[in-house]
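K.L.:
File upload16.cif below, mmCIF, C-alpha atoms and all ligand atoms:
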```cif
data_upload
loop_
_atom_site.label_atom_id
_atom_site.label_comp_id
_atom_site.auth_asym_id
_atom_site.auth_seq_id
_atom_site.Cartn_x
_atom_site.Cartn_y
_atom_site.Cartn_z
CA MET A 629 -21.47 -4.66 11.30
CA ASN A 630 -19.02 -2.17 12.80
CA PRO A 631 -20.91 0.96 13.97
CA LEU A 632 -18.29 3.33 12.51
CA LEU A 633 -17.97 1.59 9.11
CA ASP A 634 -19.79 2.39 5.83
CA ILE A 635 -19.26 -0.11 3.01
CA HIS A 636 -20.11 1.29 -0.44
CA PRO A 637 -23.19 -0.55 -1.79
CA GLU A 638 -21.33 -2.02 -4.78
CA ALA A 639 -18.55 -3.44 -2.56
CA ALA A 640 -21.09 -4.60 0.02
CA ALA A 641 -23.07 -6.50 -2.63
CA ALA A 642 -19.89 -8.15 -3.97
CA LEU A 643 -18.75 -9.18 -0.48
CA GLN A 644 -22.18 -10.54 0.32
CA ALA A 645 -22.12 -12.65 -2.86
CA GLY A 646 -18.56 -13.93 -2.23
CA GLN A 647 -17.20 -11.99 -5.21
CA PRO A 648 -13.68 -10.49 -5.34
CA VAL A 649 -13.06 -7.03 -3.83
CA VAL A 650 -9.74 -5.15 -3.68
CA ALA A 651 -9.03 -2.41 -1.11
CA LEU A 652 -7.06 0.71 -2.13
CA GLU A 653 -5.49 3.32 0.17
CA SER A 654 -5.98 7.10 0.24
CA THR A 655 -2.65 8.40 1.63
CA ILE A 656 -1.15 7.58 -1.77
CA ILE A 657 -3.75 10.04 -3.19
CA THR A 658 -3.25 12.88 -0.66
CA HIS A 659 0.44 12.52 0.19
CA GLY A 660 1.95 10.12 -2.36
CA MET A 661 1.36 12.00 -5.63
CA PRO A 662 0.65 15.60 -6.71
CA TRP A 663 -2.72 16.83 -7.97
CA PRO A 664 -4.11 16.16 -10.61
CA GLN A 665 -2.10 12.97 -11.32
CA ASN A 666 -3.18 11.63 -7.92
CA VAL A 667 -6.90 11.68 -8.82
CA GLU A 668 -6.30 10.46 -12.39
CA THR A 669 -4.24 7.56 -11.04
CA ALA A 670 -6.75 6.67 -8.30
CA LEU A 671 -9.50 6.42 -10.92
CA ARG A 672 -7.30 4.44 -13.34
CA VAL A 673 -6.38 2.05 -10.52
CA GLU A 674 -10.07 1.46 -9.76
CA ALA A 675 -10.66 0.80 -13.49
CA ALA A 676 -7.72 -1.67 -13.59
CA VAL A 677 -9.23 -3.61 -10.67
CA ARG A 678 -12.57 -3.77 -12.49
CA GLU A 679 -10.98 -4.89 -15.79
CA ALA A 680 -9.38 -7.81 -13.94
CA GLY A 681 -12.75 -8.87 -12.57
CA ALA A 682 -12.89 -7.44 -9.03
CA VAL A 683 -14.68 -4.53 -7.33
CA PRO A 684 -12.44 -1.70 -6.02
CA ALA A 685 -12.96 -0.17 -2.57
CA THR A 686 -10.87 2.93 -1.94
CA ILE A 687 -10.65 3.49 1.80
CA ALA A 688 -10.60 6.80 3.73
CA ILE A 689 -12.09 8.58 6.74
CA LEU A 690 -14.87 11.02 5.88
CA GLY A 691 -16.97 12.93 8.39
CA GLY A 692 -15.88 10.75 11.26
CA ARG A 693 -16.79 7.50 9.42
CA LEU A 694 -14.59 4.68 8.12
CA LYS A 695 -15.39 4.39 4.41
CA ALA A 696 -14.75 1.23 2.39
CA GLY A 697 -15.48 2.36 -1.17
CA LEU A 698 -15.67 6.00 -2.25
CA ALA A 699 -17.67 7.90 -4.85
CA GLN A 700 -15.63 9.63 -7.59
CA ALA A 701 -16.44 13.04 -6.06
CA GLU A 702 -14.97 11.89 -2.74
CA ILE A 703 -11.74 10.78 -4.42
CA GLU A 704 -11.55 14.20 -6.10
CA GLN A 705 -12.17 15.98 -2.78
CA LEU A 706 -9.26 14.11 -1.16
CA GLY A 707 -6.96 14.59 -4.15
CA ARG A 708 -7.53 18.35 -4.37
CA ALA A 709 -7.02 18.82 -0.62
CA GLY A 710 -3.74 16.83 -0.74
CA HIS A 711 -1.45 17.42 2.23
CA ALA A 712 -4.20 19.41 4.01
CA VAL A 713 -5.89 16.06 4.76
CA PRO A 714 -4.49 14.51 7.96
CA LYS A 715 -2.55 11.31 7.34
CA ALA A 716 -4.30 8.68 9.43
CA SER A 717 -2.23 5.86 10.86
CA ARG A 718 -3.50 3.52 13.61
CA ARG A 719 -2.73 5.91 16.47
CA ASP A 720 -4.71 8.73 14.77
CA LEU A 721 -8.07 6.94 14.47
CA PRO A 722 -9.67 7.83 17.85
CA LEU A 723 -8.98 11.54 17.34
CA LEU A 724 -10.09 11.71 13.68
CA LEU A 725 -13.20 9.58 14.15
CA SER A 726 -14.44 11.37 17.27
CA THR A 727 -13.91 14.86 15.85
CA GLY A 728 -15.55 14.16 12.47
CA ALA A 729 -12.40 14.98 10.53
CA LEU A 730 -11.23 13.88 7.08
CA GLY A 731 -8.41 11.35 7.10
CA ALA A 732 -6.23 9.69 4.49
CA THR A 733 -5.62 6.05 5.39
CA THR A 734 -2.06 4.68 5.29
CA VAL A 735 -1.28 1.04 4.59
CA ALA A 736 -1.82 0.30 8.31
CA THR A 737 -5.28 1.86 8.57
CA THR A 738 -6.39 0.71 5.11
CA MET A 739 -5.61 -2.83 6.29
CA MET A 740 -7.64 -2.25 9.47
CA VAL A 741 -10.70 -1.01 7.58
CA ALA A 742 -10.36 -3.71 4.89
CA ALA A 743 -10.31 -6.39 7.61
CA LEU A 744 -13.39 -4.89 9.28
CA ALA A 745 -15.16 -4.98 5.91
CA GLY A 746 -14.05 -8.55 5.12
CA ILE A 747 -11.66 -7.65 2.26
CA ARG A 748 -8.59 -9.93 2.00
CA LEU A 749 -6.62 -8.16 -0.81
CA PHE A 750 -5.23 -4.62 -0.91
CA ALA A 751 -3.14 -2.97 -3.63
CA THR A 752 -0.83 0.02 -3.21
CA GLY A 753 2.56 1.38 -4.34
CA GLY A 754 4.94 0.70 -1.48
CA ILE A 755 4.67 -0.06 2.23
CA GLY A 756 6.23 1.99 5.01
CA GLY A 757 9.15 0.40 6.84
CA VAL A 758 12.20 0.95 8.98
CA HIS A 759 13.71 4.36 8.27
CA ARG A 760 17.45 4.74 7.83
CA GLY A 761 18.89 5.81 11.18
CA ALA A 762 16.07 4.09 13.10
CA GLU A 763 18.65 2.97 15.65
CA THR A 764 18.52 6.51 17.02
CA SER A 765 15.20 7.92 15.69
CA PHE A 766 13.12 4.76 16.45
CA ASP A 767 11.18 5.61 13.23
CA ILE A 768 9.58 2.31 12.20
CA SER A 769 6.29 2.51 10.27
CA ALA A 770 3.15 1.23 11.98
CA ASP A 771 2.53 -0.58 8.63
CA LEU A 772 4.92 -3.34 9.71
CA LEU A 773 3.13 -4.03 13.00
CA GLU A 774 -0.24 -3.96 11.24
CA LEU A 775 0.99 -6.64 8.83
CA ALA A 776 1.74 -8.73 11.91
CA ARG A 777 -1.80 -8.57 13.28
CA THR A 778 -4.34 -7.91 10.53
CA PRO A 779 -5.31 -10.53 7.92
CA VAL A 780 -4.96 -8.51 4.72
CA ALA A 781 -2.49 -9.21 1.90
CA VAL A 782 -0.77 -6.07 0.60
CA VAL A 783 0.26 -6.17 -3.06
CA CYS A 784 3.08 -3.63 -3.46
CA ALA A 785 6.33 -3.03 -5.33
CA GLY A 786 8.31 -3.65 -2.14
CA ALA A 787 9.38 -0.59 -0.18
CA LYS A 788 11.12 2.56 -1.38
CA ALA A 789 14.86 2.81 -1.04
CA ILE A 790 14.33 5.92 1.14
CA LEU A 791 14.04 3.20 3.84
CA ASP A 792 16.48 0.71 5.31
CA LEU A 793 15.23 -2.26 3.28
CA ARG A 794 17.37 -4.86 5.05
CA ALA A 795 16.08 -3.77 8.48
CA THR A 796 12.51 -3.64 7.11
CA LEU A 797 12.74 -7.31 6.04
CA GLU A 798 14.22 -8.23 9.44
CA VAL A 799 11.32 -6.63 11.34
CA LEU A 800 8.79 -8.39 9.10
CA GLU A 801 10.58 -11.68 9.76
CA THR A 802 10.57 -11.07 13.53
CA HIS A 803 6.82 -10.56 13.41
CA GLY A 804 6.23 -13.63 11.25
CA VAL A 805 4.96 -11.78 8.19
CA PRO A 806 5.37 -13.70 4.90
CA VAL A 807 7.02 -11.59 2.17
CA LEU A 808 6.59 -13.45 -1.11
CA GLY A 809 7.84 -12.29 -4.50
CA TYR A 810 5.73 -12.50 -7.64
CA GLY A 811 8.05 -14.14 -10.14
CA THR A 812 11.12 -13.14 -8.13
CA ASP A 813 13.00 -14.28 -5.04
CA GLU A 814 14.44 -10.81 -4.44
CA LEU A 815 12.76 -7.90 -2.62
CA PRO A 816 11.82 -5.29 -5.25
CA ALA A 817 12.92 -1.76 -4.35
CA PHE A 818 9.91 0.16 -5.70
CA TYR A 819 11.49 2.13 -8.61
CA SER A 820 13.96 -0.70 -9.24
CA ARG A 821 13.26 -4.40 -9.66
CA HIS A 822 16.30 -5.38 -7.60
CA SER A 823 17.51 -4.72 -4.05
CA GLY A 824 19.99 -7.58 -3.70
CA LEU A 825 17.96 -8.82 -0.69
CA LYS A 826 16.75 -12.43 -0.92
CA LEU A 827 13.17 -13.32 0.00
CA PRO A 828 12.22 -16.59 1.67
CA GLY A 829 10.13 -17.59 -1.31
CA ARG A 830 8.63 -16.77 -4.69
CA LEU A 831 5.34 -17.69 -6.31
CA ASP A 832 4.65 -17.44 -10.02
CA SER A 833 0.89 -17.12 -10.48
CA PRO A 834 -2.15 -15.45 -8.90
CA GLU A 835 -3.51 -18.95 -8.19
CA ALA A 836 -0.37 -19.82 -6.23
CA PHE A 837 -0.87 -16.68 -4.08
CA ALA A 838 -4.52 -17.59 -3.54
CA ARG A 839 -3.45 -21.01 -2.22
CA ALA A 840 -0.88 -19.37 0.09
CA LEU A 841 -3.57 -17.05 1.46
CA ARG A 842 -5.85 -19.97 2.08
CA ALA A 843 -3.09 -21.82 3.94
CA GLN A 844 -2.46 -18.66 6.00
CA ASP A 845 -6.17 -18.46 6.85
CA ILE A 846 -5.81 -21.85 8.51
CA VAL A 847 -2.39 -21.59 10.13
CA ALA A 848 -2.14 -17.86 11.01
CA PRO A 849 -5.61 -16.34 10.57
CA SER A 850 -4.75 -13.00 12.16
CA GLN A 851 -1.72 -12.16 10.00
CA GLY A 852 -1.12 -10.16 6.85
CA MET A 853 1.13 -10.90 3.89
CA VAL A 854 3.34 -8.85 1.59
CA VAL A 855 2.94 -9.75 -2.09
CA ALA A 856 6.01 -8.15 -3.62
CA ASN A 857 5.47 -7.36 -7.30
CA PRO A 858 8.44 -5.82 -9.16
CA ILE A 859 7.80 -2.67 -11.22
CA PRO A 860 7.22 -3.52 -14.93
CA GLN A 861 10.60 -3.64 -16.69
CA ALA A 862 9.81 -0.82 -19.13
CA HIS A 863 9.25 1.67 -16.28
CA GLU A 864 12.14 0.68 -14.03
CA ILE A 865 14.54 3.38 -12.79
CA PRO A 866 17.86 1.70 -11.93
CA ALA A 867 19.05 2.01 -8.32
CA GLY A 868 22.18 3.85 -9.50
CA VAL A 869 20.07 6.62 -11.04
CA ILE A 870 17.51 7.09 -8.24
CA GLY A 871 20.07 6.59 -5.44
CA ALA A 872 21.70 10.02 -5.59
CA HIS A 873 18.33 11.77 -5.46
CA ILE A 874 17.32 9.71 -2.43
CA GLU A 875 20.57 10.62 -0.66
CA GLN A 876 19.93 14.31 -1.31
CA ALA A 877 16.32 14.14 -0.06
CA LEU A 878 17.44 12.31 3.11
CA ALA A 879 20.14 14.91 3.79
CA GLU A 880 17.62 17.74 3.39
CA ALA A 881 15.15 16.02 5.74
CA THR A 882 17.84 15.71 8.41
CA ARG A 883 18.99 19.33 7.95
CA GLN A 884 15.42 20.64 8.19
CA GLY A 885 14.62 18.50 11.24
CA VAL A 886 11.68 16.71 9.55
CA ALA A 887 10.37 14.04 11.96
CA GLY A 888 7.47 11.68 12.69
CA ALA A 889 4.61 11.22 10.23
CA ALA A 890 5.97 14.05 8.06
CA VAL A 891 9.12 12.09 7.10
CA THR A 892 7.63 9.77 4.44
CA PRO A 893 5.57 12.48 2.63
CA PHE A 894 8.59 14.86 2.69
CA LEU A 895 10.90 12.27 1.15
CA LEU A 896 8.34 11.13 -1.46
CA ALA A 897 7.66 14.70 -2.60
CA ARG A 898 11.35 15.66 -2.66
CA VAL A 899 12.44 12.58 -4.64
CA ALA A 900 9.61 13.27 -7.11
CA GLU A 901 10.81 16.88 -7.56
CA LEU A 902 14.45 15.87 -7.95
CA THR A 903 13.73 13.23 -10.62
CA GLY A 904 11.34 15.39 -12.61
CA GLY A 905 8.50 13.43 -14.22
CA ALA A 906 10.38 10.12 -14.33
CA SER A 907 9.67 8.94 -10.79
CA LEU A 908 6.00 9.89 -11.00
CA ALA A 909 5.55 7.93 -14.26
CA ALA A 910 7.24 4.92 -12.65
CA ASN A 911 5.05 5.25 -9.55
CA ILE A 912 1.86 5.31 -11.64
CA ALA A 913 2.95 2.28 -13.71
CA LEU A 914 3.74 0.16 -10.67
CA VAL A 915 0.51 1.01 -8.84
CA LEU A 916 -1.52 0.00 -11.92
CA SER A 917 0.43 -3.25 -12.18
CA ASN A 918 -0.16 -3.97 -8.46
CA ALA A 919 -3.89 -3.27 -8.81
CA ARG A 920 -4.17 -5.78 -11.67
CA LEU A 921 -2.26 -8.46 -9.75
CA ALA A 922 -4.30 -7.89 -6.56
CA ALA A 923 -7.52 -8.28 -8.54
CA GLU A 924 -6.24 -11.49 -10.18
CA VAL A 925 -5.30 -12.93 -6.78
CA ALA A 926 -8.69 -11.86 -5.36
CA VAL A 927 -10.47 -13.63 -8.26
CA ALA A 928 -8.43 -16.82 -7.68
CA TYR A 929 -8.95 -16.61 -3.89
CA THR A 930 -12.73 -16.27 -4.11
CA ALA A 931 -12.78 -19.25 -6.54
CA LEU A 932 -11.04 -21.32 -3.82
CA GLN A 933 -13.61 -20.19 -1.23
CA ALA A 934 -16.53 -21.28 -3.41
CA PRO A 935 -18.60 -24.18 -2.02
CA GLY A 936 -17.27 -27.58 -3.00
CA GLN A 937 -13.64 -26.37 -3.26
N1 LIG A 1001 5.49 4.56 0.39
C1 LIG A 1001 5.26 4.94 -0.89
N2 LIG A 1001 4.17 5.74 -1.16
C2 LIG A 1001 3.30 6.12 -0.18
C3 LIG A 1001 3.55 5.68 1.17
C4 LIG A 1001 4.64 4.91 1.39
O1 LIG A 1001 6.03 4.59 -1.76
O2 LIG A 1001 2.33 6.85 -0.48
C5 LIG A 1001 2.57 6.04 2.26
C6 LIG A 1001 1.66 4.85 2.57
O3 LIG A 1001 0.37 5.32 2.88
C7 LIG A 1001 2.30 4.25 3.81
C8 LIG A 1001 2.77 5.50 4.50
O4 LIG A 1001 1.41 3.49 4.61
O5 LIG A 1001 3.27 6.32 3.47
C9 LIG A 1001 3.83 5.20 5.54
O6 LIG A 1001 4.01 6.32 6.35
P1 LIG A 1001 4.87 6.19 7.72
O7 LIG A 1001 6.27 5.91 7.27
O8 LIG A 1001 4.72 7.55 8.36
O9 LIG A 1001 4.25 5.09 8.51
MN MN A 1002 7.30 7.00 10.84
#
```
Can the structure from this file be put into structure tokens for me?
Ligand code: PSU
Ligand code: MN

P.N.:
Amino acid sequence: MNPLLDIHPEAAAALQAGQPVVALESTIITHGMPWPQNVETALRVEAAVREAGAVPATIAILGGRLKAGLAQAEIEQLGRAGHAVPKASRRDLPLLLSTGALGATTVATTMMVAALAGIRLFATGGIGGVHRGAETSFDISADLLELARTPVAVVCAGAKAILDLRATLEVLETHGVPVLGYGTDELPAFYSRHSGLKLPGRLDSPEAFARALRAQDIVAPSQGMVVANPIPQAHEIPAGVIGAHIEQALAEATRQGVAGAAVTPFLLARVAELTGGASLAANIALVLSNARLAAEVAVAYTALQAPGQ
């Protein structure tokens, strides 16, 4: 057992018994959505995982400890504090853990903690990626490098079009990370189902993803996977509608000199403001859909691990 890790008793019991567990991140709570929708959504996402037959484990840093599985009061504490909670990516862990601080885990650090706890599936909204203009800013999310070295599958709706999606796919390819579409061979673009970018493959059922994970366990046991699940049709915002708002948010970020870890939260908050409630409703719908799919894959994956399989 890792000396800095606390696994919630319910998740620990499920892992011990070989039952399905799904990790969830906390930066989406503190920096990805406004209060109180962030807390409502985090609790609904946990309920969606349970309904599909798995145990949720929301991950964060509390009091200098890595937490896999939070109490409802802890989720509320993070959600109310919002942007006041430090965003914790891989490079931030030594500082936050040694000073006893609170930290909201990104995709990268949620993967790290999930792997330490023995959790193979993780559901979120979108991953970080290569930012537009990265050829001069060098702004490439640590999420991509984590996917290359940590064996956790991230179920997401692709990456937001605030990023350079083509370059994001290229970096994932360079690092050997499988990006597989659920019922699609095109990278979903978060709010929109289509990006025009072809994926190397598609799979059409949770069982098919479970078999791919099992194959990866054998052939590349230290790598992650992106399970790209398009936003449900009814909640889609077409690229043509969201595009202008993204352009405006990007221009404001450049003008105001926003840099480093502040870039993603700035753009997410600005796009949400500019689209009114529409983008938030879409965001909530896709996270719930990803949570359900992650739980279904986790159920199928643990069935494959059962003795005699
Ligand atoms: N993309 C979203 N919503 C989010 C994030 C990304 O659509 O909430 C968050 C995730 O926690 C992701 C992080 O890991 O932003 C990426 O930040 P950065 O680009 O600074 O690595
Ligand atoms: Mn960055």

K.L.:
For a test of reading the model, state the distance in Å between CA of Ile912 in chain A and CA of Leu808 in chain A, rounded to one decimal.

P.N.:
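Between CA of Ile912 in chain A and CA of Leu808 in chain A the gap works out to 22.0 Å.
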
K.L.:
Near Gln876 in chain A, counting all atoms listed in the file, which residues have an atom at most 9 Å away, once you skip same-chain residues fewer than 4 positions from it, shown as an NGL selection string?

P.N.:
:A and (871-872 or 880-881 or 898-899 or 902)

K.L.:
When distances are computed from only C-alpha atoms, which of A:Thr802, A:Thr737, A:Gln644, A:Thr686 shows the smallest separation from Ala716 in chain A?

P.N.:
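With only C-alpha atoms as the atom set, the closest residue is A:Thr737.
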
K.L.:
Neighbours of ligand MN 1002 (chain A) at 9 Å or closer, counting only C-alpha atoms and all ligand atoms: which residues, as a VMD selection string?

P.N.:
chain A and resid 756 to 759 766 to 770 887 to 892

K.L.:
At most 12 Å from (-6.0, -8.7, 14.6), file frame, all atoms listed in the file: which residues, as a PyMOL selection string?

P.N.:
chain A and resi 736+739-744+773-780+848-852

K.L.:
Would you save the residues from that selection as a compact mmCIF listing (two decimals), in the frame of the given file, using C-alpha atoms?

P.N.:
```txt
# COMPACT_ATOMS: atom_id res chain seq x y z
CA ALA A 736 -1.82 0.30 8.31
CA MET A 739 -5.61 -2.83 6.29
CA MET A 740 -7.64 -2.25 9.47
CA VAL A 741 -10.70 -1.01 7.58
CA ALA A 742 -10.36 -3.71 4.89
CA ALA A 743 -10.31 -6.39 7.61
CA LEU A 744 -13.39 -4.89 9.28
CA LEU A 773 3.13 -4.03 13.00
CA GLU A 774 -0.24 -3.96 11.24
CA LEU A 775 0.99 -6.64 8.83
CA ALA A 776 1.74 -8.73 11.91
CA ARG A 777 -1.80 -8.57 13.28
CA THR A 778 -4.34 -7.91 10.53
CA PRO A 779 -5.31 -10.53 7.92
CA VAL A 780 -4.96 -8.51 4.72
CA ALA A 848 -2.14 -17.86 11.01
CA PRO A 849 -5.61 -16.34 10.57
CA SER A 850 -4.75 -13.00 12.16
CA GLN A 851 -1.72 -12.16 10.00
CA GLY A 852 -1.12 -10.16 6.85
```

K.L.:
Using all atoms listed in the file, find the one residue out of A:Arg839, A:His711, A:His863, A:Lys788 that sits nearest to ligand LIG 1001 (chain A).

P.N.:
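Of A:Arg839, A:His711, A:His863, A:Lys788, the one nearest ligand LIG 1001 (chain A) is A:Lys788, counting all atoms listed in the file.
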
K.L.:
Name all residues at most 9 Å from range 687-693 of chain A (count all atoms listed in the file; drop same-chain ones fewer than 4 positions away) and give them as a PDB file with C-alpha atoms, in the coordinates of the input.

P.N.:
```pdb
ATOM      1  CA  PRO A 631     -20.910   0.960  13.970  1.00  0.00           C
ATOM      2  CA  LEU A 632     -18.290   3.330  12.510  1.00  0.00           C
ATOM      3  CA  LEU A 633     -17.970   1.590   9.110  1.00  0.00           C
ATOM      4  CA  ASP A 634     -19.790   2.390   5.830  1.00  0.00           C
ATOM      5  CA  ALA A 651      -9.030  -2.410  -1.110  1.00  0.00           C
ATOM      6  CA  LEU A 652      -7.060   0.710  -2.130  1.00  0.00           C
ATOM      7  CA  GLU A 653      -5.490   3.320   0.170  1.00  0.00           C
ATOM      8  CA  SER A 654      -5.980   7.100   0.240  1.00  0.00           C
ATOM      9  CA  THR A 655      -2.650   8.400   1.630  1.00  0.00           C
ATOM     10  CA  GLY A 697     -15.480   2.360  -1.170  1.00  0.00           C
ATOM     11  CA  LEU A 698     -15.670   6.000  -2.250  1.00  0.00           C
ATOM     12  CA  GLU A 702     -14.970  11.890  -2.740  1.00  0.00           C
ATOM     13  CA  LEU A 706      -9.260  14.110  -1.160  1.00  0.00           C
ATOM     14  CA  ALA A 716      -4.300   8.680   9.430  1.00  0.00           C
ATOM     15  CA  LEU A 721      -8.070   6.940  14.470  1.00  0.00           C
ATOM     16  CA  LEU A 724     -10.090  11.710  13.680  1.00  0.00           C
ATOM     17  CA  LEU A 725     -13.200   9.580  14.150  1.00  0.00           C
ATOM     18  CA  SER A 726     -14.440  11.370  17.270  1.00  0.00           C
ATOM     19  CA  THR A 727     -13.910  14.860  15.850  1.00  0.00           C
ATOM     20  CA  GLY A 728     -15.550  14.160  12.470  1.00  0.00           C
ATOM     21  CA  ALA A 729     -12.400  14.980  10.530  1.00  0.00           C
ATOM     22  CA  LEU A 730     -11.230  13.880   7.080  1.00  0.00           C
ATOM     23  CA  GLY A 731      -8.410  11.350   7.100  1.00  0.00           C
ATOM     24  CA  ALA A 732      -6.230   9.690   4.490  1.00  0.00           C
ATOM     25  CA  THR A 733      -5.620   6.050   5.390  1.00  0.00           C
ATOM     26  CA  THR A 734      -2.060   4.680   5.290  1.00  0.00           C
ATOM     27  CA  THR A 737      -5.280   1.860   8.570  1.00  0.00           C
ATOM     28  CA  THR A 738      -6.390   0.710   5.110  1.00  0.00           C
ATOM     29  CA  VAL A 741     -10.700  -1.010   7.580  1.00  0.00           C
ATOM     30  CA  ALA A 742     -10.360  -3.710   4.890  1.00  0.00           C
TER      31      ALA A 742
END
```

K.L.:
Between CA of Ser820 in chain A and atom C3 of ligand LIG 1001 (chain A), what is the distance, to one decimal in Å?

P.N.:
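Computing the Euclidean distance for CA of Ser820 in chain A and atom C3 of ligand LIG 1001 (chain A) yields 16.0 Å.
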
K.L.:
Write out as JSON, numbers by chain each polymer residue whose atoms come within 9 Å of Ala923 in chain A, counting all atoms listed in the file; drop sequence neighbours fewer than 4 positions from it.

P.N.:
{"A": [648, 649, 650, 676, 677, 678, 679, 680, 681, 682, 683, 684, 749, 750, 751, 834, 918, 919, 927, 928]}

K.L.:
Considering only C-alpha atoms, can you say which of A:Leu825, A:Val807, A:Ala781, A:Ala909 comes closest to Ala838 in chain A?

P.N.:
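When distances to Ala838 in chain A are compared using only C-alpha atoms, the smallest one comes from A:Ala781.
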